[in-house]
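What follows is a single structure, written as structure tokens, with notes after it.
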Amino acid sequence: MTIDDATRTVLQARESVFASPSALAGVTGVRPQILESWRRSLSYGLDPDRCVPKPSPSPDSSALLRRFAGIVIEGKSAAMAQSNCSVAITDPDGRLLNRWVTDGGFAATLDGKLIVPDFSVAEGATGTGSSSIVLETGQPAAVAGPEHFNGDWIGFTCAGAPVRHPITRRLIGSLNLTVRHSDTSPVLLSWVTDMAADIERAMLDNASTEEKLLLAAYMKAKRDARHPVVCLNGRTVISNAPAARMLGPVDQGLVWEAASKFLRDRSGIAALTLADGSSVRVDVTAVSDGATPIGAVVRLTPDDRIEGAISAPSSPPASLPGLVGASSAWRRLCARAGSGAASPTLVVGEAGAGKMAVASAIGGQAPAVVDAEKSYSTQAQWLDDVRGACQSGAAHVVLRHLDCLDASWAGSTARLLEEARDRGLRVSATFTRRTADGSTTPLLDWFDEILEVPPLSDRMDDMGLLLESLTARHAAAGHRVRWLPDAVQVMTRITWPRNVASLERTVREVLSGYTKSTVGATDLPADLRARASRRTLVGLEQIEAKAIIDALRNADGNKRHAADALGIARSTLYRKVRVLGIDLSASNY
């Protein structure tokens with residue numbers, strides 16, 4: 001098959017797929033890597049005739065990558081001058097940081113297509129391209145002519161390679177080479193991959209002695225890739241795949257807190273509870289620069305794999321299907337929910353805390369719901385709806401917003417529910433505690449069990465899990481988004497007036513039209529960051545914050561001594577400092 005035949009095959013497939021996306025399943029003659037990118041691009045709702053780069057100024061955090069890419073590419077200027085091409089560097093979110101092109105005409109063409117610095121070429125903005133595939137897969141990629149999603153790029157070929165941080169191996173950007181389709185060559189991909197490797201080497205040469213020592217220690221420790229290993233200090237985290245799967249953003253801070261206390265002794269073993277409630281053993285070995293400890297190698301062993309441990313099989317912690325949480329307040333709720341059998345259950349709590357979600361989950365299947373908040377003009381209408389739900393065939397009925405029910409209707413409602421209970425039907429209800437008016441209803445006494453859903457303020461340790469769950473619910477189809485630790489910290493320092501409902505609305509707003517793969521603190525709306533910085537501590541929070549600050553001051557800033565004085569674990573102190581918004585860097589001890 002000639003090049004023209006291959007191009008014609010892709011063109012025909014492209015027209016077929018974009019006319020009817022369902023045709024993707026039967027397409028032949030197109031590389032799987034391209035088909036997957038087409039599928040993702042369509043899931044973003046992109047139009048192949050209208051998707052163009054979007055303005056997206058690059059953050060200062062990309063200055064180092066931009067600098068070393070420039071050094072390497074300027075060294076290739078002689079080779080570039082002999083070929084009509086463009087080289088561009090992007091950050092991990094697809095923002096174009098800089099572009100190098102020697103031919104004035106080609107530069108003008110790219111300018112017209114907005115392939116210029118501070119514009120985004122992420123897959124969610126422009127569809128299939130070499131940069132977008134590289135950032136999505138972490139692997140080198142070439143996209144030739146009609147393989148592009150954007151119709152304006154059918155006349156070009158692009159080759160891209162990932163650029164990784166030389167120490168942590170985290171993906172920090174992509175390097176991309178662009179030529180006209182008529183200049184396509186099999187050497188393009190190898191050339192751009194070599195240049196990306198040169199950029200990584202230049203950054204490694206510039207790395208601090210401390211970072212190099214950490215990398216050397218990590219490379220020595222990770223020989224057995226099956227076991228979780230992480231090498232870290234307060235600024236750098238290097239981990240293998242098993243450790244990366246085990247540790248969330250908050251967990252990395254907890255591991256460093258646990259490991260740092262052993263640095264003076266050079267080694268040690270401790271038990272640690274992660275944010276999801278699981279337990280691990282941490283085996284710590286210090287990494288030193290001469291006599292000075294600068295980090296630690298930590299080997300992680302889940303508690304169910306510790307060699308020599310003899311213990312009776314334990315049942316997994318109680319949970320509610322479809323809901324997430326690992327905080328002590330949430331675990332207590334789950335334990336109580338699991339011990340109530342099928343008794344009539346009243347779920348109480350503040351507005352937006354998730355009472356309806358809990359009431360639905362305890363039944364194990366979708367319930368029939370009757371909402372008392374609906375404007376019922378007569379008792380008969382209400383009773384008809386309750387009776388209909390009880391006779392709907394569902395095994396579980398939930399009366400929602402029972403606090404809105406007319407108190408005089410309680411007796412007749414209770415009689416209906418008693419009949420349903422006698423037939424084996426499970427009955428639950430939700431009731432919002434209103435501290436202002438103390439509203440209640442005689443029907444509350446009919447329920448055998450009362451479950452109180454904790455407010456979000458008591459579940460701040462669950463923030464990472466909640467953000468992950470809500471993001472999976474509201475992110476665009478096929479678009480994976482991860483919340484970075486600094487963004488999670490901001491969210492824990494905000495007062496949420498309607499609890500999880502307020503948090504969900506905010507997540508939905510943040511993700512609307514969002515094309516990046518991560519959410520950092522700087523990506524959050526300015527009003528959110530302002531709310532986090534001015535959150536007022538009230539009641540016991542003020543007392544707790546003062547006690548922590550006093551303990552740290554008395555211990556000259558030593559967290560271990562402060563935790564001992566307070567009678568709490570160091571990891572607990574770490575979490576409380578984060579949740580209460582105590583800025584240790586701004587404190588003088």
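In the structure tokens, chains take letters A, B, ... by order of appearance, with residues numbered from 1 within each chain and ligands from 1 in the order shown.
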All strand (DSSP E) residues (DSSP, backbone) inside region 326-515 of chain A, as a list of chain:residue names: A:Thr345, A:Leu346, A:Val347, A:Val348, A:Gly349, A:Ala368, A:Val369, A:Val370, A:Asp371, A:His396, A:Val397, A:Val398, A:Leu399, A:Arg400, A:Arg426, A:Val427, A:Ser428, A:Ala429, A:Thr430, A:Phe431, A:Thr432, A:Glu449, A:Ile450, A:Leu451, A:Glu452, A:Arg482, A:Trp483
Near-Ala361 (chain A) list (12 Å; only C-alpha atoms; drop same-chain fewer than 5 positions) as JSON, numbers by chain: {"A": [319, 320, 321, 322, 323, 324, 334, 337, 338, 345, 347, 354, 355, 356, 366, 367, 396, 397, 398, 428]}
Generate a file of the selected residues that holds all heavy atoms, formatted as a CSV table (one decimal), in the first residue's frame.
```
chain,number,residue,atom,x,y,z
A,319,SER,N,-19.2,0.0,55.6
A,319,SER,CA,-19.3,1.0,54.6
A,319,SER,C,-20.7,1.0,54.1
A,319,SER,O,-21.5,0.1,54.3
A,319,SER,CB,-18.3,0.8,53.5
A,319,SER,OG,-18.6,-0.5,52.8
A,320,LEU,N,-21.0,2.1,53.4
A,320,LEU,CA,-22.3,2.2,52.7
A,320,LEU,C,-22.1,2.2,51.2
A,320,LEU,O,-21.3,3.0,50.7
A,320,LEU,CB,-23.0,3.5,53.2
A,320,LEU,CG,-23.4,3.6,54.6
A,320,LEU,CD1,-23.9,5.0,55.0
A,320,LEU,CD2,-24.5,2.6,54.9
A,321,PRO,N,-22.8,1.4,50.5
A,321,PRO,CA,-22.6,1.2,49.0
A,321,PRO,C,-22.8,2.5,48.3
A,321,PRO,O,-23.7,3.3,48.5
A,321,PRO,CB,-23.7,0.2,48.6
A,321,PRO,CG,-24.6,0.1,49.7
A,321,PRO,CD,-23.9,0.5,51.0
A,322,GLY,N,-21.8,2.8,47.5
A,322,GLY,CA,-21.8,4.0,46.6
A,322,GLY,C,-21.3,5.3,47.3
A,322,GLY,O,-21.2,6.3,46.7
A,323,LEU,N,-21.0,5.2,48.6
A,323,LEU,CA,-20.6,6.4,49.4
A,323,LEU,C,-19.2,6.2,49.9
A,323,LEU,O,-18.7,5.1,50.1
A,323,LEU,CB,-21.5,6.7,50.6
A,323,LEU,CG,-23.0,6.8,50.2
A,323,LEU,CD1,-23.9,7.1,51.5
A,323,LEU,CD2,-23.3,7.9,49.2
A,324,VAL,N,-18.5,7.4,50.0
A,324,VAL,CA,-17.1,7.3,50.4
A,324,VAL,C,-16.8,8.0,51.7
A,324,VAL,O,-17.5,8.9,52.1
A,324,VAL,CB,-16.1,7.9,49.3
A,324,VAL,CG1,-16.3,7.1,48.0
A,324,VAL,CG2,-16.4,9.4,49.1
A,334,CYS,N,-21.3,4.5,59.6
A,334,CYS,CA,-21.4,3.3,58.8
A,334,CYS,C,-21.6,2.1,59.8
A,334,CYS,O,-22.4,1.2,59.5
A,334,CYS,CB,-20.2,3.1,57.9
A,334,CYS,SG,-20.0,4.3,56.6
A,337,ALA,N,-25.1,2.2,61.0
A,337,ALA,CA,-26.0,1.8,59.9
A,337,ALA,C,-26.1,0.3,59.7
A,337,ALA,O,-27.1,-0.3,59.4
A,337,ALA,CB,-25.7,2.5,58.6
A,338,GLY,N,-24.9,-0.4,59.8
A,338,GLY,CA,-24.8,-1.8,59.6
A,338,GLY,C,-25.4,-2.6,60.7
A,338,GLY,O,-25.7,-3.8,60.6
A,345,THR,N,-35.8,3.4,60.0
A,345,THR,CA,-34.7,4.3,60.4
A,345,THR,C,-34.9,5.7,60.0
A,345,THR,O,-35.3,6.0,58.9
A,345,THR,CB,-33.4,3.8,59.6
A,345,THR,OG1,-33.2,2.4,60.0
A,345,THR,CG2,-32.2,4.6,60.0
A,347,VAL,N,-33.0,9.2,59.4
A,347,VAL,CA,-31.7,9.8,59.1
A,347,VAL,C,-31.7,11.3,59.3
A,347,VAL,O,-32.5,12.0,58.6
A,347,VAL,CB,-31.2,9.4,57.7
A,347,VAL,CG1,-29.8,9.9,57.4
A,347,VAL,CG2,-31.3,7.9,57.4
A,354,GLY,N,-26.0,14.9,53.2
A,354,GLY,CA,-26.1,13.7,52.5
A,354,GLY,C,-27.0,12.7,53.1
A,354,GLY,O,-26.9,11.5,53.0
A,355,LYS,N,-28.1,13.2,53.8
A,355,LYS,CA,-29.1,12.3,54.4
A,355,LYS,C,-29.8,11.4,53.4
A,355,LYS,O,-30.0,10.2,53.7
A,355,LYS,CB,-30.1,13.2,55.2
A,355,LYS,CG,-29.5,14.0,56.3
A,355,LYS,CD,-30.5,14.8,57.0
A,355,LYS,CE,-31.3,15.8,56.2
A,355,LYS,NZ,-30.4,16.9,55.6
A,356,MET,N,-30.2,12.0,52.3
A,356,MET,CA,-30.9,11.1,51.3
A,356,MET,C,-30.0,10.0,50.7
A,356,MET,O,-30.4,8.9,50.5
A,356,MET,CB,-31.4,12.0,50.2
A,356,MET,CG,-32.3,11.3,49.2
A,356,MET,SD,-33.8,10.6,49.9
A,356,MET,CE,-34.2,9.3,48.7
A,366,ALA,N,-32.3,0.9,45.0
A,366,ALA,CA,-33.0,2.1,44.8
A,366,ALA,C,-34.4,2.1,45.5
A,366,ALA,O,-35.2,1.2,45.2
A,366,ALA,CB,-33.2,2.4,43.3
A,367,PRO,N,-34.7,3.1,46.3
A,367,PRO,CA,-36.0,3.1,47.0
A,367,PRO,C,-37.1,3.9,46.3
A,367,PRO,O,-36.8,4.6,45.3
A,367,PRO,CB,-35.6,3.9,48.3
A,367,PRO,CG,-34.6,4.9,47.9
A,367,PRO,CD,-33.8,4.2,46.8
A,396,HIS,N,-38.0,-0.9,49.6
A,396,HIS,CA,-37.6,0.1,50.5
A,396,HIS,C,-38.3,1.4,50.1
A,396,HIS,O,-38.3,1.8,48.9
A,396,HIS,CB,-36.0,0.3,50.4
A,396,HIS,CG,-35.4,1.3,51.3
A,396,HIS,ND1,-34.2,1.9,51.1
A,396,HIS,CD2,-35.9,1.8,52.5
A,396,HIS,CE1,-34.0,2.7,52.1
A,396,HIS,NE2,-34.9,2.7,52.9
A,397,VAL,N,-38.8,2.1,51.1
A,397,VAL,CA,-39.5,3.4,50.9
A,397,VAL,C,-38.8,4.4,51.8
A,397,VAL,O,-38.5,4.2,52.9
A,397,VAL,CB,-41.0,3.3,51.2
A,397,VAL,CG1,-41.6,4.7,51.2
A,397,VAL,CG2,-41.7,2.4,50.3
A,398,VAL,N,-38.5,5.6,51.2
A,398,VAL,CA,-37.9,6.7,51.9
A,398,VAL,C,-38.9,7.9,51.9
A,398,VAL,O,-39.3,8.3,50.8
A,398,VAL,CB,-36.6,7.1,51.3
A,398,VAL,CG1,-36.0,8.4,52.0
A,398,VAL,CG2,-35.6,6.0,51.4
A,428,SER,N,-37.5,4.2,55.6
A,428,SER,CA,-36.6,5.2,56.2
A,428,SER,C,-37.1,6.6,55.9
A,428,SER,O,-38.1,6.7,55.1
A,428,SER,CB,-35.2,5.0,55.5
A,428,SER,OG,-34.7,3.7,55.6
```
All residues 8 Å or closer to Ala351 (chain A), only C-alpha atoms, same chain fewer than 2 positions away omitted, as number ranges by chain: A: 349, 353-354, 432-433, 498-499
Atomic separation - CA of Val348 (chain A) relative to CA of Phe431 (chain A), Å: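 Separation between CA of Phe431 (chain A) and CA of Val348 (chain A): 4.8 Å.
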Residue among A:Leu254, A:Ala13, A:Leu402, A:Ala125 lying closest to Tyr574 (chain A), counting only C-alpha atoms: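 When distances to Tyr574 (chain A) are compared using only C-alpha atoms, the smallest one comes from A:Leu254.
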DSSP-assigned helix (DSSP H, G or I) among region 153-342 of chain A, expressed as a ChimeraX atom specification: /A:153,181-183,188-206,209-221,241-246,249-260,303-305,328-338
Å distance separating CA of Gly105 (chain A) from CA of Ala144 (chain A), one decimal place: 20.7 Å
Spatial neighbours of Thr168 (chain A), 10 Å, only C-alpha atoms, chain gap at least 4 places, as a list in words: Arg164, Glu211, Leu214, Leu215, Tyr218, Cys231, Leu232, Thr236, Val237, Ile238, Ser239 and Asn240 of chain A
Distance in Å - CA of Asp448 (chain A) versus CA of Ser375 (chain A): 27.7 Å
Among listed residues A:Arg570, A:Arg459, A:Arg426, A:Arg415, nearest Ala368 (chain A) (using only C-alpha atoms):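 Once distances to Ala368 (chain A) are computed over only C-alpha atoms, the minimum belongs to A:Arg426.
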